file protein.txt (compact mmCIF, N, CA and C atoms)
# COMPACT_ATOMS: atom_id res chain seq x y z
N MET B 8 113.80 89.74 107.66
CA MET B 8 112.64 89.04 108.20
C MET B 8 111.54 90.06 108.51
N ILE B 9 110.33 89.72 108.19
CA ILE B 9 109.19 90.61 108.41
C ILE B 9 108.71 90.46 109.85
N ASN B 10 108.50 91.58 110.49
CA ASN B 10 107.98 91.59 111.85
C ASN B 10 106.47 91.33 111.79
N MET B 11 106.04 90.20 112.34
CA MET B 11 104.62 89.80 112.28
C MET B 11 103.71 90.76 113.04
N PHE B 12 104.25 91.50 114.00
CA PHE B 12 103.43 92.41 114.78
C PHE B 12 102.96 93.59 113.94
N ASN B 13 103.62 93.87 112.83
CA ASN B 13 103.19 94.95 111.96
C ASN B 13 101.87 94.62 111.27
N PHE B 14 101.52 93.36 111.20
CA PHE B 14 100.30 92.94 110.51
C PHE B 14 99.10 92.81 111.43
N ILE B 15 99.31 92.93 112.72
CA ILE B 15 98.21 92.83 113.68
C ILE B 15 97.48 94.16 113.71
N LYS B 16 96.21 94.12 113.41
CA LYS B 16 95.40 95.33 113.38
C LYS B 16 95.05 95.75 114.80
N LYS B 17 95.30 97.00 115.09
CA LYS B 17 94.93 97.54 116.39
C LYS B 17 93.42 97.71 116.43
N ARG B 18 92.80 97.26 117.51
CA ARG B 18 91.35 97.35 117.66
C ARG B 18 90.95 98.80 117.91
N ASN B 19 89.86 99.20 117.33
CA ASN B 19 89.36 100.56 117.42
C ASN B 19 88.05 100.54 118.20
N TYR B 20 88.11 100.93 119.47
CA TYR B 20 86.94 100.87 120.34
C TYR B 20 86.28 102.23 120.47
N LEU B 21 84.99 102.22 120.67
CA LEU B 21 84.21 103.44 120.82
C LEU B 21 84.07 103.78 122.29
N SER B 22 84.53 104.97 122.64
CA SER B 22 84.36 105.38 124.04
C SER B 22 82.95 105.93 124.23
N ARG B 23 82.40 105.64 125.38
CA ARG B 23 81.04 106.11 125.71
C ARG B 23 81.01 107.64 125.64
N GLU B 24 82.01 108.27 126.17
CA GLU B 24 82.06 109.74 126.19
C GLU B 24 82.08 110.29 124.76
N GLU B 25 82.86 109.68 123.88
CA GLU B 25 82.92 110.13 122.49
C GLU B 25 81.56 110.01 121.82
N LEU B 26 80.89 108.89 122.04
CA LEU B 26 79.57 108.70 121.44
C LEU B 26 78.60 109.74 121.96
N ILE B 27 78.56 109.91 123.24
CA ILE B 27 77.63 110.86 123.85
C ILE B 27 77.91 112.28 123.38
N ASN B 28 79.19 112.64 123.30
CA ASN B 28 79.56 114.00 122.89
C ASN B 28 79.44 114.24 121.39
N SER B 29 79.18 113.19 120.62
CA SER B 29 79.09 113.35 119.17
C SER B 29 77.74 113.87 118.71
N VAL B 30 76.79 113.97 119.62
CA VAL B 30 75.46 114.47 119.28
C VAL B 30 75.02 115.51 120.31
N ASP B 31 73.95 116.21 120.00
CA ASP B 31 73.40 117.18 120.93
C ASP B 31 72.45 116.46 121.88
N SER B 32 73.00 115.99 122.99
CA SER B 32 72.20 115.23 123.96
C SER B 32 71.04 116.04 124.52
N ASN B 33 71.21 117.35 124.60
CA ASN B 33 70.14 118.19 125.14
C ASN B 33 68.86 118.07 124.31
N LYS B 34 69.02 117.93 122.99
CA LYS B 34 67.83 117.76 122.14
C LYS B 34 67.13 116.44 122.44
N ILE B 35 67.94 115.42 122.71
CA ILE B 35 67.35 114.11 123.05
C ILE B 35 66.64 114.20 124.40
N TRP B 36 67.33 114.75 125.39
CA TRP B 36 66.76 114.83 126.74
C TRP B 36 65.50 115.69 126.76
N SER B 37 65.44 116.72 125.92
CA SER B 37 64.27 117.61 125.92
C SER B 37 63.07 117.02 125.18
N LYS B 38 63.30 115.92 124.45
CA LYS B 38 62.25 115.25 123.68
C LYS B 38 61.60 116.21 122.68
N SER B 39 62.42 117.07 122.11
CA SER B 39 61.90 118.10 121.21
C SER B 39 62.21 117.82 119.73
N MET B 40 62.75 116.66 119.44
CA MET B 40 63.14 116.35 118.07
C MET B 40 61.96 115.87 117.25
N THR B 41 61.96 116.24 115.98
CA THR B 41 60.94 115.75 115.06
C THR B 41 61.33 114.35 114.60
N LEU B 42 60.39 113.66 113.96
CA LEU B 42 60.68 112.32 113.45
C LEU B 42 61.83 112.34 112.45
N SER B 43 61.86 113.34 111.60
CA SER B 43 62.95 113.40 110.61
C SER B 43 64.30 113.66 111.29
N GLU B 44 64.30 114.47 112.34
CA GLU B 44 65.55 114.70 113.08
C GLU B 44 66.00 113.42 113.80
N ILE B 45 65.04 112.69 114.34
CA ILE B 45 65.37 111.43 115.02
C ILE B 45 65.91 110.42 114.01
N LYS B 46 65.28 110.34 112.87
CA LYS B 46 65.75 109.43 111.82
C LYS B 46 67.17 109.79 111.40
N GLU B 47 67.42 111.07 111.21
CA GLU B 47 68.76 111.54 110.84
C GLU B 47 69.78 111.20 111.93
N LEU B 48 69.40 111.39 113.19
CA LEU B 48 70.28 111.07 114.31
C LEU B 48 70.60 109.58 114.34
N LEU B 49 69.57 108.75 114.19
CA LEU B 49 69.78 107.30 114.22
C LEU B 49 70.66 106.83 113.06
N GLU B 50 70.47 107.43 111.89
CA GLU B 50 71.33 107.10 110.75
C GLU B 50 72.78 107.50 111.03
N TYR B 51 72.95 108.68 111.62
CA TYR B 51 74.29 109.13 111.99
C TYR B 51 74.93 108.16 112.99
N LEU B 52 74.18 107.78 114.02
CA LEU B 52 74.71 106.87 115.04
C LEU B 52 75.06 105.51 114.43
N GLU B 53 74.23 105.03 113.51
CA GLU B 53 74.51 103.76 112.85
C GLU B 53 75.83 103.83 112.08
N ILE B 54 76.03 104.90 111.35
CA ILE B 54 77.28 105.07 110.59
C ILE B 54 78.46 105.18 111.55
N LYS B 55 78.31 105.98 112.59
CA LYS B 55 79.40 106.18 113.56
C LYS B 55 79.77 104.86 114.23
N ILE B 56 78.78 104.14 114.71
CA ILE B 56 79.02 102.89 115.44
C ILE B 56 79.66 101.84 114.52
N SER B 57 79.30 101.85 113.26
CA SER B 57 79.82 100.83 112.33
C SER B 57 81.33 100.96 112.10
N LYS B 58 81.93 102.05 112.51
CA LYS B 58 83.36 102.28 112.31
C LYS B 58 84.22 101.71 113.43
N TYR B 59 83.59 101.11 114.43
CA TYR B 59 84.31 100.66 115.62
C TYR B 59 84.20 99.15 115.82
N ASP B 60 85.11 98.65 116.65
CA ASP B 60 85.11 97.25 117.04
C ASP B 60 84.46 97.13 118.42
N PHE B 61 83.76 96.03 118.63
CA PHE B 61 83.10 95.78 119.91
C PHE B 61 83.40 94.36 120.35
N ASP B 62 83.76 94.21 121.60
CA ASP B 62 84.05 92.91 122.17
C ASP B 62 83.11 92.66 123.35
N ILE B 63 82.95 91.40 123.67
CA ILE B 63 82.24 91.04 124.89
C ILE B 63 83.12 91.42 126.07
N ASP B 64 82.52 92.03 127.07
CA ASP B 64 83.26 92.43 128.26
C ASP B 64 82.70 91.65 129.44
N LYS B 65 83.54 90.82 130.05
CA LYS B 65 83.08 89.98 131.17
C LYS B 65 82.65 90.81 132.38
N ASN B 66 83.03 92.08 132.41
CA ASN B 66 82.67 92.94 133.53
C ASN B 66 81.38 93.73 133.30
N PHE B 67 80.83 93.66 132.10
CA PHE B 67 79.58 94.37 131.82
C PHE B 67 78.43 93.70 132.55
N ILE B 68 77.60 94.50 133.17
CA ILE B 68 76.43 93.99 133.89
C ILE B 68 75.19 94.68 133.32
N MET B 69 74.26 93.89 132.86
CA MET B 69 72.98 94.44 132.42
C MET B 69 72.17 94.67 133.69
N ASN B 70 72.33 95.87 134.25
CA ASN B 70 71.67 96.15 135.52
C ASN B 70 70.15 96.26 135.34
N SER B 71 69.46 96.31 136.45
CA SER B 71 67.99 96.28 136.41
C SER B 71 67.41 97.48 135.67
N ARG B 72 68.04 98.63 135.77
CA ARG B 72 67.54 99.82 135.06
C ARG B 72 67.69 99.63 133.56
N ARG B 73 68.82 99.13 133.12
CA ARG B 73 69.01 98.89 131.69
C ARG B 73 68.01 97.85 131.17
N LYS B 74 67.79 96.80 131.95
CA LYS B 74 66.81 95.78 131.55
C LYS B 74 65.42 96.41 131.40
N GLU B 75 65.07 97.27 132.35
CA GLU B 75 63.77 97.93 132.31
C GLU B 75 63.67 98.86 131.10
N LEU B 76 64.72 99.62 130.83
CA LEU B 76 64.71 100.52 129.68
C LEU B 76 64.55 99.75 128.37
N LYS B 77 65.27 98.66 128.25
CA LYS B 77 65.17 97.82 127.05
C LYS B 77 63.73 97.32 126.88
N SER B 78 63.14 96.87 127.95
CA SER B 78 61.77 96.37 127.92
C SER B 78 60.78 97.48 127.56
N ILE B 79 60.96 98.65 128.15
CA ILE B 79 60.07 99.79 127.87
C ILE B 79 60.12 100.17 126.40
N ILE B 80 61.32 100.25 125.86
CA ILE B 80 61.49 100.62 124.45
C ILE B 80 60.80 99.59 123.55
N LYS B 81 61.05 98.33 123.83
CA LYS B 81 60.48 97.25 123.02
C LYS B 81 58.94 97.29 123.06
N GLU B 82 58.38 97.40 124.25
CA GLU B 82 56.93 97.45 124.40
C GLU B 82 56.33 98.67 123.71
N ARG B 83 56.98 99.81 123.88
CA ARG B 83 56.46 101.05 123.31
C ARG B 83 56.45 100.98 121.78
N LEU B 84 57.51 100.45 121.20
CA LEU B 84 57.58 100.41 119.74
C LEU B 84 56.66 99.36 119.13
N LEU B 85 56.15 98.45 119.95
CA LEU B 85 55.20 97.46 119.46
C LEU B 85 53.75 97.95 119.57
N GLN B 86 53.57 99.09 120.25
CA GLN B 86 52.22 99.64 120.42
C GLN B 86 51.67 100.13 119.09
N ASN B 87 50.38 100.01 118.94
CA ASN B 87 49.70 100.56 117.78
C ASN B 87 49.05 101.85 118.23
N ASN B 88 49.81 102.92 118.15
CA ASN B 88 49.39 104.21 118.68
C ASN B 88 49.47 105.26 117.58
N ASN B 89 48.53 106.15 117.56
CA ASN B 89 48.51 107.20 116.54
C ASN B 89 49.58 108.26 116.77
N ASN B 90 50.07 108.39 117.98
CA ASN B 90 51.06 109.42 118.26
C ASN B 90 52.47 108.84 118.13
N ILE B 91 52.86 108.53 116.90
CA ILE B 91 54.14 107.90 116.63
C ILE B 91 55.31 108.80 117.05
N ASN B 92 55.16 110.11 116.88
CA ASN B 92 56.25 111.02 117.24
C ASN B 92 56.58 110.90 118.73
N GLU B 93 55.55 110.84 119.55
CA GLU B 93 55.76 110.71 121.00
C GLU B 93 56.40 109.36 121.34
N LEU B 94 55.93 108.30 120.72
CA LEU B 94 56.48 106.97 120.98
C LEU B 94 57.96 106.91 120.62
N VAL B 95 58.31 107.45 119.47
CA VAL B 95 59.70 107.41 119.02
C VAL B 95 60.56 108.33 119.87
N SER B 96 60.05 109.50 120.19
CA SER B 96 60.79 110.46 121.02
C SER B 96 61.06 109.89 122.41
N GLU B 97 60.05 109.30 123.01
CA GLU B 97 60.22 108.69 124.34
C GLU B 97 61.20 107.51 124.27
N SER B 98 61.11 106.74 123.20
CA SER B 98 62.02 105.60 123.04
C SER B 98 63.46 106.06 122.86
N LEU B 99 63.66 107.12 122.09
CA LEU B 99 65.00 107.68 121.92
C LEU B 99 65.53 108.17 123.26
N PHE B 100 64.68 108.83 124.03
CA PHE B 100 65.05 109.31 125.37
C PHE B 100 65.52 108.14 126.23
N ASN B 101 64.75 107.05 126.23
CA ASN B 101 65.11 105.86 127.02
C ASN B 101 66.38 105.19 126.50
N PHE B 102 66.51 105.15 125.18
CA PHE B 102 67.73 104.59 124.57
C PHE B 102 68.95 105.40 125.01
N TRP B 103 68.82 106.72 125.02
CA TRP B 103 69.97 107.56 125.40
C TRP B 103 70.30 107.40 126.88
N GLU B 104 69.29 107.17 127.69
CA GLU B 104 69.53 106.87 129.10
C GLU B 104 70.29 105.55 129.22
N PHE B 105 69.91 104.57 128.39
CA PHE B 105 70.59 103.26 128.37
C PHE B 105 72.06 103.45 128.00
N VAL B 106 72.31 104.23 126.96
CA VAL B 106 73.69 104.47 126.49
C VAL B 106 74.49 105.23 127.55
N SER B 107 73.88 106.25 128.12
CA SER B 107 74.58 107.10 129.09
C SER B 107 74.89 106.34 130.38
N ASP B 108 73.95 105.55 130.85
CA ASP B 108 74.09 104.71 132.04
C ASP B 108 75.13 105.22 133.04
N GLU B 109 74.81 106.33 133.66
CA GLU B 109 75.73 106.96 134.60
C GLU B 109 75.86 106.22 135.92
N TYR B 110 74.85 105.46 136.28
CA TYR B 110 74.84 104.83 137.59
C TYR B 110 74.72 103.32 137.46
N PRO B 111 75.39 102.59 138.33
CA PRO B 111 75.35 101.13 138.23
C PRO B 111 74.00 100.53 138.58
N GLY B 112 73.17 101.26 139.27
CA GLY B 112 71.86 100.72 139.65
C GLY B 112 71.96 99.85 140.89
N ASN B 113 70.90 99.14 141.15
CA ASN B 113 70.81 98.28 142.31
C ASN B 113 71.36 96.89 141.95
N PHE B 114 72.41 96.49 142.64
CA PHE B 114 73.03 95.20 142.35
C PHE B 114 72.31 94.03 143.01
N LEU B 115 71.32 94.30 143.84
CA LEU B 115 70.64 93.23 144.56
C LEU B 115 70.00 92.22 143.60
N LEU B 116 69.26 92.72 142.61
CA LEU B 116 68.62 91.81 141.65
C LEU B 116 69.65 91.09 140.80
N ALA B 117 70.68 91.82 140.35
CA ALA B 117 71.73 91.20 139.53
C ALA B 117 72.47 90.14 140.35
N SER B 118 72.64 90.41 141.63
CA SER B 118 73.32 89.46 142.51
C SER B 118 72.55 88.15 142.56
N GLU B 119 71.24 88.25 142.70
CA GLU B 119 70.40 87.05 142.74
C GLU B 119 70.40 86.33 141.39
N ASP B 120 70.29 87.12 140.31
CA ASP B 120 70.24 86.53 138.96
C ASP B 120 71.55 85.85 138.57
N LEU B 121 72.68 86.47 138.91
CA LEU B 121 73.98 85.98 138.46
C LEU B 121 74.71 85.10 139.48
N GLY B 122 74.19 85.06 140.70
CA GLY B 122 74.83 84.25 141.73
C GLY B 122 76.17 84.82 142.17
N LEU B 123 76.29 86.14 142.11
CA LEU B 123 77.52 86.82 142.54
C LEU B 123 77.19 87.74 143.71
N THR B 124 78.19 88.03 144.52
CA THR B 124 77.96 88.94 145.64
C THR B 124 77.88 90.37 145.12
N ILE B 125 77.28 91.23 145.92
CA ILE B 125 77.20 92.64 145.55
C ILE B 125 78.60 93.22 145.43
N LYS B 126 79.51 92.82 146.27
CA LYS B 126 80.91 93.29 146.21
C LYS B 126 81.54 92.88 144.88
N GLU B 127 81.33 91.64 144.46
CA GLU B 127 81.87 91.18 143.17
C GLU B 127 81.29 91.99 142.01
N LEU B 128 79.99 92.24 142.06
CA LEU B 128 79.35 93.02 141.01
C LEU B 128 79.85 94.45 141.00
N ASP B 129 80.05 95.03 142.16
CA ASP B 129 80.57 96.39 142.25
C ASP B 129 81.97 96.47 141.64
N THR B 130 82.80 95.49 141.93
CA THR B 130 84.16 95.44 141.37
C THR B 130 84.09 95.32 139.84
N MET B 131 83.24 94.43 139.35
CA MET B 131 83.08 94.25 137.91
C MET B 131 82.62 95.54 137.25
N ASP B 132 81.62 96.18 137.84
CA ASP B 132 81.07 97.40 137.27
C ASP B 132 82.13 98.51 137.24
N ASN B 133 82.90 98.62 138.31
CA ASN B 133 83.97 99.63 138.35
C ASN B 133 85.01 99.37 137.27
N GLU B 134 85.36 98.11 137.06
CA GLU B 134 86.33 97.76 136.01
C GLU B 134 85.78 98.11 134.64
N TYR B 135 84.52 97.80 134.41
CA TYR B 135 83.90 98.11 133.11
C TYR B 135 83.87 99.62 132.88
N ARG B 136 83.43 100.37 133.86
CA ARG B 136 83.32 101.82 133.72
C ARG B 136 84.68 102.49 133.57
N LYS B 137 85.70 101.93 134.20
CA LYS B 137 87.05 102.49 134.12
C LYS B 137 87.57 102.47 132.67
N LYS B 138 87.20 101.45 131.93
CA LYS B 138 87.63 101.33 130.52
C LYS B 138 87.01 102.44 129.67
N GLY B 139 85.79 102.79 129.97
CA GLY B 139 85.10 103.86 129.25
C GLY B 139 84.69 103.54 127.83
N ILE B 140 84.72 102.26 127.46
CA ILE B 140 84.35 101.90 126.09
C ILE B 140 83.03 101.14 126.09
N ILE B 141 82.39 101.12 124.95
CA ILE B 141 81.12 100.43 124.80
C ILE B 141 81.42 99.00 124.32
N CYS B 142 80.87 98.04 125.02
CA CYS B 142 81.10 96.64 124.66
C CYS B 142 79.98 96.14 123.75
N SER B 143 80.10 94.92 123.30
CA SER B 143 79.11 94.36 122.36
C SER B 143 77.81 93.98 123.03
N GLN B 144 77.80 93.77 124.34
CA GLN B 144 76.56 93.37 124.99
C GLN B 144 75.61 94.55 125.02
call {"tool": "encode", "arguments": {"input": "protein.txt", "output": "structure tokens"}}
result
Amino acid sequence: MINMFNFIKKRNYLSREELINSVDSNKIWSKSMTLSEIKELLEYLEIKISKYDFDIDKNFIMNSRRKELKSIIKERLLQNNNNINELVSESLFNFWEFVSDEYPGNFLLASEDLGLTIKELDTMDNEYRKKGIICSQ
């Protein structure tokens, strides 16, 4: 008899630390990359990310800082500005801050938006961070 568990594919998740350590973050933080270097980095990240599985995580919280970063990036990239290198460099910087997300931020706004207590949000955030993987949200 064939063991059915041999056919179940193990999920391959991307750890935040692995993603962050796979590139030279100092170049991103210094905003010293050229457009071609940024393009190369984004292509690399796209290839790297495509090799992993991502699931929705009920403990993930789009905190106010992440919401702000997302909005800043979107607005900046919609600008009609002659200094495209600066726009892209700043956007990459903000994107990397979004990915790195070292701090949970202020749960007060999320508490109001989600109808959860700050304690509940803190517990959720701790559970999400403990896993150390990047979710689909």
call {"tool": "closest_residue", "arguments": {"input": "protein.txt", "among": "B:Leu48, B:Arg136, B:Ser71, B:Ser39", "to": "B:Leu115", "atoms": "only N, CA and C atoms"}}
result
B:Ser71
call {"tool": "residues_around", "arguments": {"input": "protein.txt", "residues": "stretch 81-83 of chain B", "least_positions_apart": "2", "cutoff": "12 Å", "atoms": "only C-alpha atoms", "output": "ChimeraX atom specification"}}
result
/B:74-79,85-88,90-99,101-102
call {"tool": "write_last_selection", "arguments": {"input": "protein.txt", "atoms": "N, CA and C atoms", "output": "PDB file, in the frame of the given file"}}
result
ATOM      1  N   LYS B  74      67.790  96.800 131.950  1.00  0.00           N
ATOM      2  CA  LYS B  74      66.810  95.780 131.550  1.00  0.00           C
ATOM      3  C   LYS B  74      65.420  96.410 131.400  1.00  0.00           C
ATOM      4  N   GLU B  75      65.070  97.270 132.350  1.00  0.00           N
ATOM      5  CA  GLU B  75      63.770  97.930 132.310  1.00  0.00           C
ATOM      6  C   GLU B  75      63.670  98.860 131.100  1.00  0.00           C
ATOM      7  N   LEU B  76      64.720  99.620 130.830  1.00  0.00           N
ATOM      8  CA  LEU B  76      64.710 100.520 129.680  1.00  0.00           C
ATOM      9  C   LEU B  76      64.550  99.750 128.370  1.00  0.00           C
ATOM     10  N   LYS B  77      65.270  98.660 128.250  1.00  0.00           N
ATOM     11  CA  LYS B  77      65.170  97.820 127.050  1.00  0.00           C
ATOM     12  C   LYS B  77      63.730  97.320 126.880  1.00  0.00           C
ATOM     13  N   SER B  78      63.140  96.870 127.950  1.00  0.00           N
ATOM     14  CA  SER B  78      61.770  96.370 127.920  1.00  0.00           C
ATOM     15  C   SER B  78      60.780  97.480 127.560  1.00  0.00           C
ATOM     16  N   ILE B  79      60.960  98.650 128.150  1.00  0.00           N
ATOM     17  CA  ILE B  79      60.070  99.790 127.870  1.00  0.00           C
ATOM     18  C   ILE B  79      60.120 100.170 126.400  1.00  0.00           C
ATOM     19  N   LEU B  85      56.150  98.450 119.950  1.00  0.00           N
ATOM     20  CA  LEU B  85      55.200  97.460 119.460  1.00  0.00           C
ATOM     21  C   LEU B  85      53.750  97.950 119.570  1.00  0.00           C
ATOM     22  N   GLN B  86      53.570  99.090 120.250  1.00  0.00           N
ATOM     23  CA  GLN B  86      52.220  99.640 120.420  1.00  0.00           C
ATOM     24  C   GLN B  86      51.670 100.130 119.090  1.00  0.00           C
ATOM     25  N   ASN B  87      50.380 100.010 118.940  1.00  0.00           N
ATOM     26  CA  ASN B  87      49.700 100.560 117.780  1.00  0.00           C
ATOM     27  C   ASN B  87      49.050 101.850 118.230  1.00  0.00           C
ATOM     28  N   ASN B  88      49.810 102.920 118.150  1.00  0.00           N
ATOM     29  CA  ASN B  88      49.390 104.210 118.680  1.00  0.00           C
ATOM     30  C   ASN B  88      49.470 105.260 117.580  1.00  0.00           C
ATOM     31  N   ASN B  90      50.070 108.390 117.980  1.00  0.00           N
ATOM     32  CA  ASN B  90      51.060 109.420 118.260  1.00  0.00           C
ATOM     33  C   ASN B  90      52.470 108.840 118.130  1.00  0.00           C
ATOM     34  N   ILE B  91      52.860 108.530 116.900  1.00  0.00           N
ATOM     35  CA  ILE B  91      54.140 107.900 116.630  1.00  0.00           C
ATOM     36  C   ILE B  91      55.310 108.800 117.050  1.00  0.00           C
ATOM     37  N   ASN B  92      55.160 110.110 116.880  1.00  0.00           N
ATOM     38  CA  ASN B  92      56.250 111.020 117.240  1.00  0.00           C
ATOM     39  C   ASN B  92      56.580 110.900 118.730  1.00  0.00           C
ATOM     40  N   GLU B  93      55.550 110.840 119.550  1.00  0.00           N
ATOM     41  CA  GLU B  93      55.760 110.710 121.000  1.00  0.00           C
ATOM     42  C   GLU B  93      56.400 109.360 121.340  1.00  0.00           C
ATOM     43  N   LEU B  94      55.930 108.300 120.720  1.00  0.00           N
ATOM     44  CA  LEU B  94      56.480 106.970 120.980  1.00  0.00           C
ATOM     45  C   LEU B  94      57.960 106.910 120.620  1.00  0.00           C
ATOM     46  N   VAL B  95      58.310 107.450 119.470  1.00  0.00           N
ATOM     47  CA  VAL B  95      59.700 107.410 119.020  1.00  0.00           C
ATOM     48  C   VAL B  95      60.560 108.330 119.870  1.00  0.00           C
ATOM     49  N   SER B  96      60.050 109.500 120.190  1.00  0.00           N
ATOM     50  CA  SER B  96      60.790 110.460 121.020  1.00  0.00           C
ATOM     51  C   SER B  96      61.060 109.890 122.410  1.00  0.00           C
ATOM     52  N   GLU B  97      60.050 109.300 123.010  1.00  0.00           N
ATOM     53  CA  GLU B  97      60.220 108.690 124.340  1.00  0.00           C
ATOM     54  C   GLU B  97      61.200 107.510 124.270  1.00  0.00           C
ATOM     55  N   SER B  98      61.110 106.740 123.200  1.00  0.00           N
ATOM     56  CA  SER B  98      62.020 105.600 123.040  1.00  0.00           C
ATOM     57  C   SER B  98      63.460 106.060 122.860  1.00  0.00           C
ATOM     58  N   LEU B  99      63.660 107.120 122.090  1.00  0.00           N
ATOM     59  CA  LEU B  99      65.000 107.680 121.920  1.00  0.00           C
ATOM     60  C   LEU B  99      65.530 108.170 123.260  1.00  0.00           C
ATOM     61  N   ASN B 101      64.750 107.050 126.230  1.00  0.00           N
ATOM     62  CA  ASN B 101      65.110 105.860 127.020  1.00  0.00           C
ATOM     63  C   ASN B 101      66.380 105.190 126.500  1.00  0.00           C
ATOM     64  N   PHE B 102      66.510 105.150 125.180  1.00  0.00           N
ATOM     65  CA  PHE B 102      67.730 104.590 124.570  1.00  0.00           C
ATOM     66  C   PHE B 102      68.950 105.400 125.010  1.00  0.00           C
TER      67      PHE B 102
END
call {"tool": "atom_distance", "arguments": {"input": "protein.txt", "atom1": "atom C of B:Tyr110", "atom2": "atom CA of B:Leu26"}}
result
17.6 Å
call {"tool": "residues_around", "arguments": {"input": "protein.txt", "residues": "B:Leu128", "least_positions_apart": "6", "cutoff": "8 Å", "atoms": "all atoms listed in the file", "output": "list in words"}}
result
Asn66, Ile68, Phe114, Ala117, Ser118 and Glu134 of chain B
call {"tool": "residues_near_point", "arguments": {"input": "protein.txt", "point": "(86.3, 100.9, 117.1)", "cutoff": "6 Å", "atoms": "only N, CA and C atoms", "output": "number ranges by chain"}}
result
B: 18-21, 58-61
call {"tool": "select_by_dssp", "arguments": {"input": "protein.txt", "residues": "chain B", "states": "helix (DSSP H, G or I)", "output": "number ranges by chain"}}
result
B: 11-14, 23-28, 32-37, 42-56, 71-85, 91-107, 114-121, 125-138
call {"tool": "atom_distance", "arguments": {"input": "protein.txt", "atom1": "atom CA of B:Ile140", "atom2": "atom CA of B:Lys55"}}
result
14.1 Å
call {"tool": "atom_distance", "arguments": {"input": "protein.txt", "atom1": "atom CA of B:Gln144", "atom2": "atom CA of B:Ile45"}}
result
23.5 Å
call {"tool": "closest_residue", "arguments": {"input": "protein.txt", "among": "B:Asn89, B:Leu84, B:Phe67, B:Lys34", "to": "B:Asp132", "atoms": "only N, CA and C atoms"}}
result
B:Phe67
call {"tool": "select_by_dssp", "arguments": {"input": "protein.txt", "residues": "chain B", "states": "strand (DSSP E or B)", "output": "list in words"}}
result
Tyr20, Ser22, Asp60 and Ile140 of chain B
call {"tool": "closest_residue", "arguments": {"input": "protein.txt", "among": "B:Ile56, B:Ile35, B:Val30, B:Leu116", "to": "B:Asn70", "atoms": "all atoms listed in the file"}}
result
B:Leu116
call {"tool": "closest_residue", "arguments": {"input": "protein.txt", "among": "B:Lys138, B:Lys65, B:Asp31, B:Lys38", "to": "B:Leu52", "atoms": "only C-alpha atoms"}}
result
B:Asp31
call {"tool": "residues_around", "arguments": {"input": "protein.txt", "residues": "B:Glu104", "least_positions_apart": "4", "cutoff": "9 Å", "atoms": "only C-alpha atoms", "output": "number ranges by chain"}}
result
B: 36, 73, 76, 99-100, 108-109
